[in-house]
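J.: input06.txt is reproduced below (compact mmCIF, C-alpha atoms).
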# COMPACT_ATOMS: atom_id res chain seq x y z
CA MET A 27 -26.99 -9.95 -17.75
CA ARG A 28 -24.16 -7.55 -16.89
CA ARG A 29 -24.90 -4.45 -14.90
CA PRO A 30 -21.78 -3.73 -12.78
CA TYR A 31 -22.50 -1.75 -9.62
CA ARG A 32 -20.09 1.01 -8.62
CA ARG A 33 -19.92 1.72 -4.90
CA PRO A 34 -19.21 5.34 -4.01
CA MET A 35 -16.11 6.04 -1.92
CA PRO A 36 -17.19 7.78 1.29
CA LYS A 37 -15.49 11.10 2.16
CA THR A 38 -14.75 9.62 5.57
CA TRP A 39 -12.66 6.77 4.13
CA TRP A 40 -9.68 7.86 6.20
CA LEU A 41 -11.60 7.23 9.43
CA LYS A 42 -12.36 3.60 8.48
CA HIS A 43 -9.07 2.19 9.71
CA PRO A 44 -6.39 3.49 12.12
CA HIS A 45 -3.74 3.04 9.38
CA TYR A 46 -5.60 5.45 7.09
CA THR A 47 -6.05 7.94 9.93
CA LEU A 48 -2.36 7.73 10.79
CA PHE A 49 -1.56 8.35 7.12
CA MET A 50 -3.66 11.53 7.13
CA LEU A 51 -1.97 12.71 10.35
CA ARG A 52 1.43 11.99 8.77
CA GLU A 53 0.50 14.12 5.75
CA LEU A 54 -0.70 16.88 8.09
CA SER A 55 2.61 16.70 10.00
CA ALA A 56 4.37 18.25 6.99
CA VAL A 57 2.53 21.51 7.75
CA PHE A 58 4.18 21.65 11.18
CA VAL A 59 7.61 21.00 9.67
CA ILE A 60 7.11 24.07 7.45
CA TYR A 61 5.71 26.00 10.41
CA PHE A 62 8.83 25.39 12.54
CA ALA A 63 11.07 26.33 9.60
CA LEU A 64 9.20 29.65 9.25
CA TRP A 65 9.27 30.13 13.03
CA THR A 66 13.06 29.76 12.94
CA VAL A 67 13.22 32.42 10.20
CA CYS A 68 11.18 34.76 12.46
CA LEU A 69 13.57 34.02 15.35
CA VAL A 70 16.60 34.89 13.23
CA GLN A 71 14.88 38.06 11.99
CA ARG A 72 14.17 39.20 15.60
CA ALA A 73 17.74 38.41 16.57
CA GLY A 74 18.84 40.64 13.68
CA GLN A 75 16.71 43.47 15.11
CA GLY A 76 18.70 43.42 18.33
CA ALA A 77 18.76 41.94 21.81
CA GLU A 78 15.61 43.71 23.00
CA ALA A 79 13.45 42.50 20.07
CA LEU A 80 14.75 38.98 20.58
CA SER A 81 14.00 38.88 24.30
CA ARG A 82 10.50 40.30 23.67
CA PHE A 83 9.91 37.53 21.10
CA LEU A 84 11.16 34.84 23.48
CA GLN A 85 9.01 36.31 26.28
CA THR A 86 5.92 36.02 24.06
CA MET A 87 6.79 32.42 23.32
CA LYS A 88 6.66 31.61 27.05
CA GLY A 89 2.89 32.17 27.04
CA PRO A 90 0.88 29.02 27.85
CA GLY A 91 -0.98 29.19 24.51
CA TRP A 92 2.26 29.22 22.57
CA ILE A 93 3.76 26.41 24.64
CA LEU A 94 0.67 24.23 24.12
CA TRP A 95 0.68 25.00 20.38
CA HIS A 96 4.37 24.11 20.12
CA LEU A 97 3.90 20.89 22.09
CA ILE A 98 1.23 19.85 19.57
CA GLY A 99 3.66 20.84 16.82
CA LEU A 100 6.43 18.82 18.46
CA ALA A 101 4.20 15.72 18.53
CA PHE A 102 3.51 16.10 14.81
CA VAL A 103 7.18 16.68 13.97
CA LEU A 104 8.15 13.57 15.95
CA LEU A 105 5.49 11.60 14.04
CA HIS A 106 6.98 13.00 10.84
CA THR A 107 10.48 11.93 11.88
CA TYR A 108 9.30 8.49 12.97
CA THR A 109 7.49 7.79 9.68
CA TRP A 110 10.31 9.31 7.61
CA PHE A 111 12.94 7.08 9.24
CA ALA A 112 10.65 4.06 8.81
CA THR A 113 10.52 4.83 5.08
CA ALA A 114 14.28 4.68 4.52
CA PRO A 115 14.77 0.88 4.45
CA LYS A 116 11.87 0.55 2.02
CA VAL A 117 13.11 3.22 -0.37
CA MET A 118 16.77 2.28 -0.21
CA PRO A 119 17.16 -1.33 0.87
CA VAL A 120 20.71 -2.37 1.69
CA ARG A 121 21.72 -5.83 0.52
CA ARG A 122 24.54 -8.13 1.49
CA GLY A 123 24.30 -10.85 -1.14
CA ALA A 124 21.04 -12.71 -0.63
CA GLU A 125 20.44 -11.09 2.73
CA LYS A 126 18.70 -7.77 3.18
CA VAL A 127 19.99 -5.70 6.08
CA PRO A 128 17.02 -5.82 8.53
CA ASP A 129 14.77 -2.73 8.45
CA GLY A 130 15.19 -2.28 12.20
CA VAL A 131 18.96 -1.84 11.90
CA ILE A 132 18.60 0.98 9.33
CA ILE A 133 15.85 2.69 11.35
CA ALA A 134 17.84 2.42 14.60
CA ALA A 135 20.97 3.79 12.89
CA GLN A 136 19.06 6.93 11.87
CA TRP A 137 17.74 7.50 15.40
CA ILE A 138 21.26 7.10 16.78
CA VAL A 139 22.64 9.65 14.30
CA LEU A 140 19.79 12.04 15.21
CA LEU A 141 20.59 11.57 18.89
CA ILE A 142 24.32 12.24 18.37
CA VAL A 143 23.63 15.38 16.30
CA SER A 144 21.15 16.60 18.93
CA VAL A 145 23.65 16.07 21.74
CA ILE A 146 26.33 17.99 19.81
CA PHE A 147 23.87 20.87 19.31
CA VAL A 148 22.91 20.97 22.97
CA VAL A 149 26.59 20.91 24.04
CA LEU A 150 27.46 23.71 21.58
CA LEU A 151 24.47 25.74 22.76
CA ALA A 152 25.40 25.24 26.41
CA ALA A 153 29.01 26.26 25.67
CA THR A 154 27.98 29.55 24.02
CA THR A 155 25.43 30.69 26.62
CA MET B 18 -19.43 -28.19 19.84
CA ALA B 19 -21.26 -29.59 16.82
CA ASP B 20 -24.22 -27.22 17.07
CA GLU B 21 -22.27 -24.00 17.55
CA THR B 22 -23.02 -21.50 14.81
CA ILE B 23 -21.72 -18.17 13.54
CA ILE B 24 -23.49 -15.44 11.54
CA LEU B 25 -22.15 -14.39 8.15
CA ARG B 26 -23.45 -11.05 6.81
CA VAL B 27 -22.89 -11.30 3.08
CA LEU B 28 -23.32 -8.46 0.58
CA ARG B 29 -25.61 -9.62 -2.23
CA TYR B 30 -26.08 -8.02 -5.61
CA ARG B 31 -28.11 -9.69 -8.33
CA PRO B 32 -28.04 -7.33 -11.30
CA GLU B 33 -31.27 -8.74 -12.80
CA GLN B 34 -33.34 -7.93 -9.69
CA ASP B 35 -31.43 -5.61 -7.30
CA SER B 36 -31.03 -1.88 -7.89
CA GLU B 37 -28.26 -1.82 -5.29
CA PRO B 38 -26.40 -4.32 -3.06
CA THR B 39 -27.98 -5.40 0.23
CA PHE B 40 -26.78 -7.53 3.12
CA GLN B 41 -28.13 -11.01 3.72
CA GLU B 42 -27.49 -12.96 6.92
CA TYR B 43 -26.71 -16.65 7.05
CA GLU B 44 -26.31 -18.86 10.08
CA VAL B 45 -23.42 -21.21 9.44
CA PRO B 46 -22.03 -24.09 11.52
CA TYR B 47 -18.94 -23.00 13.44
CA ARG B 48 -15.84 -25.16 13.15
CA LYS B 49 -12.48 -24.17 14.56
CA ASP B 50 -10.68 -25.32 11.43
CA TRP B 51 -13.03 -23.60 8.96
CA VAL B 52 -12.03 -20.56 6.99
CA VAL B 53 -14.47 -17.95 5.65
CA LEU B 54 -14.36 -19.65 2.24
CA ASP B 55 -15.49 -22.94 3.82
CA ALA B 56 -18.47 -21.11 5.32
CA LEU B 57 -19.34 -19.56 1.95
CA ASN B 58 -19.13 -22.97 0.28
CA TRP B 59 -21.39 -24.39 3.02
CA ILE B 60 -23.95 -21.65 2.28
CA LYS B 61 -23.79 -22.39 -1.43
CA GLU B 62 -24.13 -26.14 -0.84
CA TYR B 63 -26.90 -26.16 1.80
CA LYS B 64 -28.59 -22.77 2.04
CA ASP B 65 -28.48 -20.74 -1.15
CA GLY B 66 -27.10 -22.04 -4.41
CA THR B 67 -27.42 -18.63 -6.04
CA LEU B 68 -24.64 -17.04 -3.95
CA SER B 69 -21.75 -16.20 -6.30
CA PHE B 70 -18.07 -15.90 -5.39
CA ARG B 71 -14.70 -16.77 -6.92
CA TRP B 72 -12.34 -19.36 -5.51
CA SER B 73 -9.99 -22.03 -6.73
CA CYS B 74 -6.97 -23.41 -4.87
CA ARG B 75 -7.98 -23.04 -1.18
CA MET B 76 -4.34 -22.64 -0.16
CA GLY B 77 -3.40 -19.01 -0.73
CA VAL B 78 -1.73 -19.53 -4.07
CA CYS B 79 -4.25 -18.72 -6.81
CA GLY B 80 -5.38 -15.31 -5.53
CA SER B 81 -9.04 -15.81 -6.54
CA CYS B 82 -10.89 -15.59 -3.21
CA GLY B 83 -9.99 -12.06 -2.09
CA MET B 84 -12.89 -10.31 -0.31
CA MET B 85 -13.50 -7.69 2.36
CA VAL B 86 -13.80 -9.53 5.68
CA ASN B 87 -15.00 -7.15 8.39
CA GLY B 88 -13.80 -4.26 6.25
CA ARG B 89 -10.29 -5.59 5.57
CA ALA B 90 -9.07 -7.03 2.28
CA ARG B 91 -8.29 -10.70 2.96
CA LEU B 92 -7.94 -14.02 1.19
CA THR B 93 -10.98 -15.90 2.49
CA CYS B 94 -9.11 -19.22 2.20
CA ASN B 95 -6.69 -18.28 4.96
CA THR B 96 -9.01 -16.21 7.16
CA PHE B 97 -10.30 -18.47 9.91
CA LEU B 98 -13.76 -18.15 11.49
CA ARG B 99 -12.11 -18.56 14.91
CA GLU B 100 -10.50 -15.14 14.49
CA PHE B 101 -13.97 -13.57 14.84
CA TYR B 102 -16.08 -16.12 16.72
CA PRO B 103 -18.57 -15.62 18.39
CA ASN B 104 -19.06 -12.24 16.67
CA PRO B 105 -20.73 -12.07 13.27
CA ILE B 106 -18.53 -11.77 10.17
CA THR B 107 -19.26 -9.28 7.39
CA VAL B 108 -18.20 -10.41 3.93
CA GLU B 109 -18.21 -7.98 1.00
CA PRO B 110 -16.66 -7.94 -2.44
CA LEU B 111 -13.30 -6.15 -2.72
CA VAL B 112 -13.80 -2.38 -2.62
CA ASN B 113 -12.46 -0.05 -5.34
CA PHE B 114 -13.86 -2.46 -7.94
CA ASP B 115 -17.29 -2.59 -9.55
CA ILE B 116 -19.49 -5.45 -8.36
CA GLU B 117 -20.35 -7.92 -11.08
CA ARG B 118 -22.57 -10.14 -8.91
CA ASP B 119 -22.65 -10.81 -5.15
CA LEU B 120 -18.99 -11.22 -4.09
CA VAL B 121 -17.64 -11.27 -7.64
CA ILE B 122 -15.90 -8.08 -8.75
CA CYS B 123 -15.21 -6.81 -12.24
CA MET B 124 -11.44 -7.16 -12.69
CA ASP B 125 -11.16 -5.77 -16.24
CA PRO B 126 -9.53 -2.46 -15.14
CA PHE B 127 -6.88 -4.43 -13.23
CA ILE B 128 -6.05 -6.60 -16.24
CA GLU B 129 -5.71 -3.47 -18.41
CA LYS B 130 -3.34 -1.90 -15.85
CA LEU B 131 -1.31 -5.10 -15.71
CA LYS B 132 -0.85 -4.98 -19.50
CA ARG B 133 0.37 -1.38 -19.32
CA VAL B 134 3.59 -2.31 -17.45
CA LYS B 135 4.38 -5.10 -19.97
CA PRO B 136 4.97 -7.85 -17.41
CA TRP B 137 7.26 -9.99 -19.52
CA ILE B 138 10.95 -9.93 -20.46
CA ILE B 139 11.60 -7.64 -23.42
CA ARG B 140 14.72 -8.37 -25.46
CA GLU B 141 16.33 -6.38 -28.24
CA ASP B 142 18.45 -9.37 -29.23
CA VAL B 143 16.51 -12.63 -28.95
CA LYS B 144 18.76 -15.67 -28.57
CA PRO B 145 17.85 -18.90 -30.38
CA VAL B 146 16.64 -21.59 -27.97
CA GLU B 147 19.66 -23.82 -28.64
CA ASP B 148 21.95 -21.09 -27.29
CA GLY B 149 20.51 -21.73 -23.83
CA PRO B 150 18.90 -19.47 -21.24
CA TYR B 151 19.73 -15.87 -20.40
CA GLU B 152 21.96 -16.34 -17.40
CA GLN B 153 21.53 -14.54 -14.13
CA SER B 154 23.50 -14.67 -10.90
CA PRO B 155 21.79 -15.27 -7.53
CA ALA B 156 22.62 -11.66 -6.56
CA GLU B 157 20.82 -10.40 -9.68
CA LEU B 158 17.84 -12.61 -8.87
CA TYR B 159 17.58 -11.31 -5.29
CA ARG B 160 17.22 -7.74 -6.56
CA TYR B 161 13.68 -8.43 -7.79
CA LYS B 162 12.66 -11.84 -6.39
CA GLN B 163 10.41 -10.46 -3.65
CA PHE B 164 8.46 -8.35 -6.15
CA SER B 165 7.91 -11.38 -8.39
CA MET B 166 5.91 -13.29 -5.75
CA CYS B 167 2.62 -11.49 -6.55
CA ILE B 168 -0.41 -13.75 -7.13
CA ASN B 169 -2.63 -10.98 -8.57
CA CYS B 170 -5.19 -11.31 -5.77
CA MET B 171 -5.94 -7.57 -5.95
CA LEU B 172 -6.15 -7.16 -2.16
CA CYS B 173 -3.70 -4.25 -2.50
CA TYR B 174 -6.10 -2.47 -4.88
CA ALA B 175 -8.89 -2.78 -2.33
CA ALA B 176 -6.57 -1.46 0.40
CA CYS B 177 -5.30 1.52 -1.62
CA PRO B 178 -7.34 4.73 -1.20
CA VAL B 179 -5.57 6.26 -4.21
CA VAL B 180 -7.08 3.54 -6.43
CA GLY B 181 -10.52 4.52 -5.08
CA LEU B 182 -9.99 8.27 -5.47
CA HIS B 183 -8.09 8.19 -8.77
CA PRO B 184 -9.19 5.07 -10.71
CA GLU B 185 -6.61 5.63 -13.47
CA PHE B 186 -3.75 5.00 -11.00
CA ILE B 187 -1.93 1.89 -12.25
CA GLY B 188 -1.92 0.65 -8.67
CA PRO B 189 0.29 -1.40 -6.33
CA ALA B 190 0.47 -4.90 -7.86
CA ALA B 191 0.96 -3.80 -11.48
CA LEU B 192 3.55 -1.17 -10.55
CA ALA B 193 5.46 -3.64 -8.36
CA LEU B 194 5.49 -6.03 -11.30
CA GLY B 195 6.70 -3.30 -13.67
CA ILE B 196 9.51 -2.48 -11.23
CA ARG B 197 10.30 -6.19 -10.90
CA TYR B 198 11.07 -6.21 -14.66
CA LEU B 199 13.01 -2.93 -14.47
CA LEU B 200 15.24 -4.64 -11.87
CA ASP B 201 15.67 -7.82 -13.94
CA SER B 202 19.17 -8.05 -15.45
CA ARG B 203 17.82 -10.03 -18.44
CA ASP B 204 15.36 -7.34 -19.46
CA GLN B 205 16.09 -4.76 -22.17
CA GLY B 206 12.75 -2.96 -22.21
CA TRP B 207 13.73 -0.20 -19.78
CA ASP B 208 12.62 2.79 -21.88
CA GLU B 209 9.16 1.60 -22.89
CA ARG B 210 8.40 0.21 -19.43
CA MET B 211 9.72 3.27 -17.60
CA GLU B 212 7.40 5.41 -19.72
CA GLU B 213 4.42 3.74 -17.98
CA VAL B 214 5.99 3.35 -14.53
CA ALA B 215 7.07 7.01 -14.38
CA SER B 216 3.85 8.37 -15.92
CA HIS B 217 1.23 10.49 -14.16
CA ASP B 218 -0.79 7.32 -13.47
CA GLY B 219 2.34 5.47 -12.40
CA VAL B 220 4.54 5.70 -9.30
CA TRP B 221 3.90 9.44 -8.86
CA GLY B 222 0.24 8.76 -8.16
CA CYS B 223 1.26 6.90 -4.98
CA THR B 224 1.06 8.89 -1.74
CA PHE B 225 2.62 6.03 0.25
CA VAL B 226 -0.30 5.12 2.47
CA GLY B 227 1.46 1.75 2.72
CA GLU B 228 -1.69 -0.29 3.33
CA CYS B 229 -1.06 -2.34 0.16
CA SER B 230 1.95 -3.93 1.86
CA GLU B 231 -0.01 -4.56 5.06
CA VAL B 232 -2.69 -6.65 3.31
CA CYS B 233 -0.39 -8.45 0.85
CA PRO B 234 -0.64 -12.20 1.61
CA LYS B 235 2.69 -12.88 -0.15
CA HIS B 236 4.78 -10.14 1.53
CA VAL B 237 5.58 -8.59 -1.84
CA ASP B 238 5.70 -5.14 -0.23
CA PRO B 239 4.41 -3.21 -3.26
CA ALA B 240 4.74 0.06 -1.33
CA ALA B 241 8.52 -0.48 -1.13
CA ALA B 242 8.65 -1.37 -4.84
CA ILE B 243 6.83 1.85 -5.74
CA GLN B 244 9.06 4.06 -3.57
CA GLN B 245 12.13 2.43 -5.19
CA GLY B 246 10.42 3.04 -8.53
CA LYS B 247 10.23 6.76 -7.66
CA VAL B 248 14.00 6.82 -7.06
CA MET B 249 14.60 4.95 -10.33
CA ALA B 250 12.29 7.30 -12.25
CA THR B 251 14.04 10.37 -10.79
CA LEU B 252 17.53 9.08 -11.64
CA ASP B 253 16.29 8.14 -15.12
CA TRP B 254 14.93 11.67 -15.64
CA PHE B 255 18.27 13.22 -14.62
CA LYS B 256 20.22 10.85 -16.85
CA ARG B 257 18.06 11.79 -19.83
CA LEU B 258 18.52 15.47 -19.01
CA LEU B 259 22.32 15.25 -18.70
CA MET B 260 22.96 12.69 -21.42
CA PRO B 261 20.08 12.91 -23.93
CA ARG B 262 21.80 10.56 -26.33
CA GLY B 263 23.57 8.46 -23.73
CA GLN B 264 23.34 4.74 -23.38
CA ARG B 265 22.22 3.33 -20.11
Have the structure of the file written as structure tokens, please.
T.:
Amino acid sequence: MRRPYRRPMPKTWWLKHPHYTLFMLRELSAVFVIYFALWTVCLVQRAGQGAEALSRFLQTMKGPGWILWHLIGLAFVLLHTYTWFATAPKVMPVRRGAEKVPDGVIIAAQWIVLLIVSVIFVVLLAATT
Amino acid sequence: MADETIILRVLRYRPEQDSEPTFQEYEVPYRKDWVVLDALNWIKEYKDGTLSFRWSCRMGVCGSCGMMVNGRARLTCNTFLREFYPNPITVEPLVNFDIERDLVICMDPFIEKLKRVKPWIIREDVKPVEDGPYEQSPAELYRYKQFSMCINCMLCYAACPVVGLHPEFIGPAALALGIRYLLDSRDQGWDERMEEVASHDGVWGCTFVGECSEVCPKHVDPAAAIQQGKVMATLDWFKRLLMPRGQR
């Protein structure tokens, strides 16, 4: 006698294993990427309104609530970066004949490029202020 | 040593008498060199001959004995009791599939999905046998070899939440196999296969949870295959847009 039983999928499936939870956090991290993009637009807009508007905006951002909020955001954006870089060797594997270039090499290369670009930005920023 | 035991909590479902599955506990002798499948076979031999489960090769090749062991999709023939001892072990049928009986799942949907990607070489010009094989260089082989190692154990379907939430999703193993043929230099079935791979139920259903690759006992890395399939599907779409009548 056939009477297949279908088990329902619980709404809390993403809490069943740390990998699933990390996946959900990674998906959530995209929201913070958009948030920081919009925040940058606001910053540029204030700068366009003049020096006083800009300094008022920056003063507001020094509030402890804002700093805490942006630290949480930073953690999510770093998670986003980490998982994004880890994706690269899977999406675009590099081959040398039979050998695949190890995933770690591709991931490390991206972090190094990010580091170099960041350093250039910081140096340019320091030079202009 | 000889009288050490371990508890197996096994999900039972007998369609002729049970309205829903329930757990049954068995006390099984503990041996360091026993795998979960050995314990299940011991139960069937000495405790309860009605317990149903699939198995065949006992060496991680046939892909028949996939089950949920303590909530993770595993081949029970290479999951040792010593990994859990002295704690009890929970054994359930693979999730995201209907239960046929006890630990046996209904694999019909998987077989249908497998057929959709046409997992065979399609040729427009079929050579006569006497003309020899379709030749392929080692470099051409390496492009898809990893994705051809699948043993259809369906662990990746149990690990994939998208399969559970959206049952029409073609799923990791079948998509990896479809992409394996797209990458095969001997194949000429690109268009008809890409239609399935790039469909709504195909690669675009994947949200890249990546757990399929974690549980894969053959290191096929279906998640990587699917992400590469997304790139291939995108390039294919652009090519069709720019050169509607073009040859690939």
J.: Find the spatial neighbours of Gln41 of chain B, counting all atoms listed in the file, within a cut-off of 7 Å - ignore same-chain residues fewer than 4 positions away - and output them as a PyMOL selection string.
T.: chain B and resi 26-29
J.: Check the smallest atom-to-atom distance from each of B:Arg75, B:Lys130, B:Lys247, B:Lys49 to chain A using all atoms listed in the file, then report the winner.
T.: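 Using all atoms listed in the file, the shortest distance to chain A belongs to B:Lys247.
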J.: I'd like to know which of B:Leu194, B:Ala240, B:Ile187, B:Ala156 is closest to Ala124 of chain A, using all atoms listed in the file.
T.: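 Of B:Leu194, B:Ala240, B:Ile187, B:Ala156, the one nearest Ala124 of chain A is B:Ala156, counting all atoms listed in the file.
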J.: At a cut-off of 8 Å, list the chain B residues touching chain A, using all atoms listed in the file, as a list of chain:residue names.
T.: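 The complete set of qualifying residues is B:Pro32, B:Glu33, B:Glu37, B:Val112, B:Asn113, B:Phe114, B:Asp115, B:Ile116, B:Glu117, B:Arg118, B:Cys123, B:Pro155, B:Ala156, B:Tyr159, B:Pro178, B:Gly181, B:Leu182, B:Val226, B:Glu228, B:Ala240, B:Ala241, B:Ala242, B:Gln244, B:Gln245, B:Val248.
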J.: Go ahead and compute the interatomic distance for atom CA of Ile243 of chain B and atom CA of Glu209 of chain B, in Å to one decimal.
T.: 17.3 Å
J.: Fewer than 6 positions away in the same chain doesn't count, so skip those; otherwise give me all residues within 9 Å of Ile138 of chain B, counting only C-alpha atoms, as a ChimeraX atom specification.
T.: /B:198,201,203-206
J.: Keeping only C-alpha atoms, write the selected residues to a file as a PDB file, in the frame of the given file.
T.:
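What ended up in result-v5.pdb:
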ATOM      1  CA  TYR B 198      11.070  -6.210 -14.660  1.00  0.00           C
ATOM      2  CA  ASP B 201      15.670  -7.820 -13.940  1.00  0.00           C
ATOM      3  CA  ARG B 203      17.820 -10.030 -18.440  1.00  0.00           C
ATOM      4  CA  ASP B 204      15.360  -7.340 -19.460  1.00  0.00           C
ATOM      5  CA  GLN B 205      16.090  -4.760 -22.170  1.00  0.00           C
ATOM      6  CA  GLY B 206      12.750  -2.960 -22.210  1.00  0.00           C
TER       7      GLY B 206
END
J.: Looking at A:Gly99, A:Pro128, A:Leu141, A:Phe147, which one is nearest to Phe62 of chain A, with distances taken over all atoms listed in the file?
T.: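 Smallest distance to Phe62 of chain A is found for A:Gly99.
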J.: Could you jot down the atom CA of Gln85 of chain A to atom CA of Cys68 of chain A separation for me, Å, one decimal place?
T.: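 One can read the atom CA of Gln85 of chain A to atom CA of Cys68 of chain A distance as 14.1 Å.
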J.: Rounded to one decimal in Å, what is the spacing between atom CA of Asp119 of chain B and atom CA of Ser69 of chain B?
T.: 5.6 Å
J.: If we count only C-alpha atoms, what is near Thr251 of chain B at a cut-off of 12 Å, once residues fewer than 5 positions away on the same chain are taken out, given as a ChimeraX atom specification?
T.: /B:211,214-216,220-221,244-246,256-258
J.: Need the shell around Val59 of chain A: protein/DNA/RNA residues with any atom at most 10 Å away, counting all atoms listed in the file. Skip same-chain ones fewer than 2 positions apart. Format as a list of chain:residue names?
T.: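 Selected residues are A:Leu54, A:Ser55, A:Ala56, A:Val57, A:Tyr61, A:Phe62, A:Ala63, A:Leu64, A:Trp65, A:Gly99, A:Leu100, A:Phe102, A:Val103, A:Leu104, A:His106, A:Thr107.
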J.: So that I have them on file, write out the residues from the current selection with C-alpha atoms, as an mmCIF file, keeping the file's coordinate frame.
T.:
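Generated file (selection19.cif):
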data_model
loop_
_atom_site.group_PDB
_atom_site.id
_atom_site.type_symbol
_atom_site.label_atom_id
_atom_site.label_comp_id
_atom_site.auth_asym_id
_atom_site.auth_seq_id
_atom_site.Cartn_x
_atom_site.Cartn_y
_atom_site.Cartn_z
ATOM 1 C CA LEU A 54 -0.700 16.880 8.090
ATOM 2 C CA SER A 55 2.610 16.700 10.000
ATOM 3 C CA ALA A 56 4.370 18.250 6.990
ATOM 4 C CA VAL A 57 2.530 21.510 7.750
ATOM 5 C CA TYR A 61 5.710 26.000 10.410
ATOM 6 C CA PHE A 62 8.830 25.390 12.540
ATOM 7 C CA ALA A 63 11.070 26.330 9.600
ATOM 8 C CA LEU A 64 9.200 29.650 9.250
ATOM 9 C CA TRP A 65 9.270 30.130 13.030
ATOM 10 C CA GLY A 99 3.660 20.840 16.820
ATOM 11 C CA LEU A 100 6.430 18.820 18.460
ATOM 12 C CA PHE A 102 3.510 16.100 14.810
ATOM 13 C CA VAL A 103 7.180 16.680 13.970
ATOM 14 C CA LEU A 104 8.150 13.570 15.950
ATOM 15 C CA HIS A 106 6.980 13.000 10.840
ATOM 16 C CA THR A 107 10.480 11.930 11.880
#
J.: So, with only C-alpha atoms as the atoms that count, which of A:Ala77, A:Val127, A:Ile132, A:Leu97 lies closest to Trp110 of chain A?
T.: A:Ile132
J.: I'd like the contact shell of Pro239 of chain B - 9 Å cut-off, only C-alpha atoms, skipping same-chain residues fewer than 4 positions apart - returned as a count of residues only.
T.: 14
J.: Box along x, y and z, 5 Å on every side, all listed atoms of segment 93-109 of chain A inside: centre and edge lengths in Å to one decimal, as JSON.
T.:
{"center_x": 5.6, "center_y": 17.1, "center_z": 17.2, "size_x": 19.8, "size_y": 28.6, "size_z": 25.0}
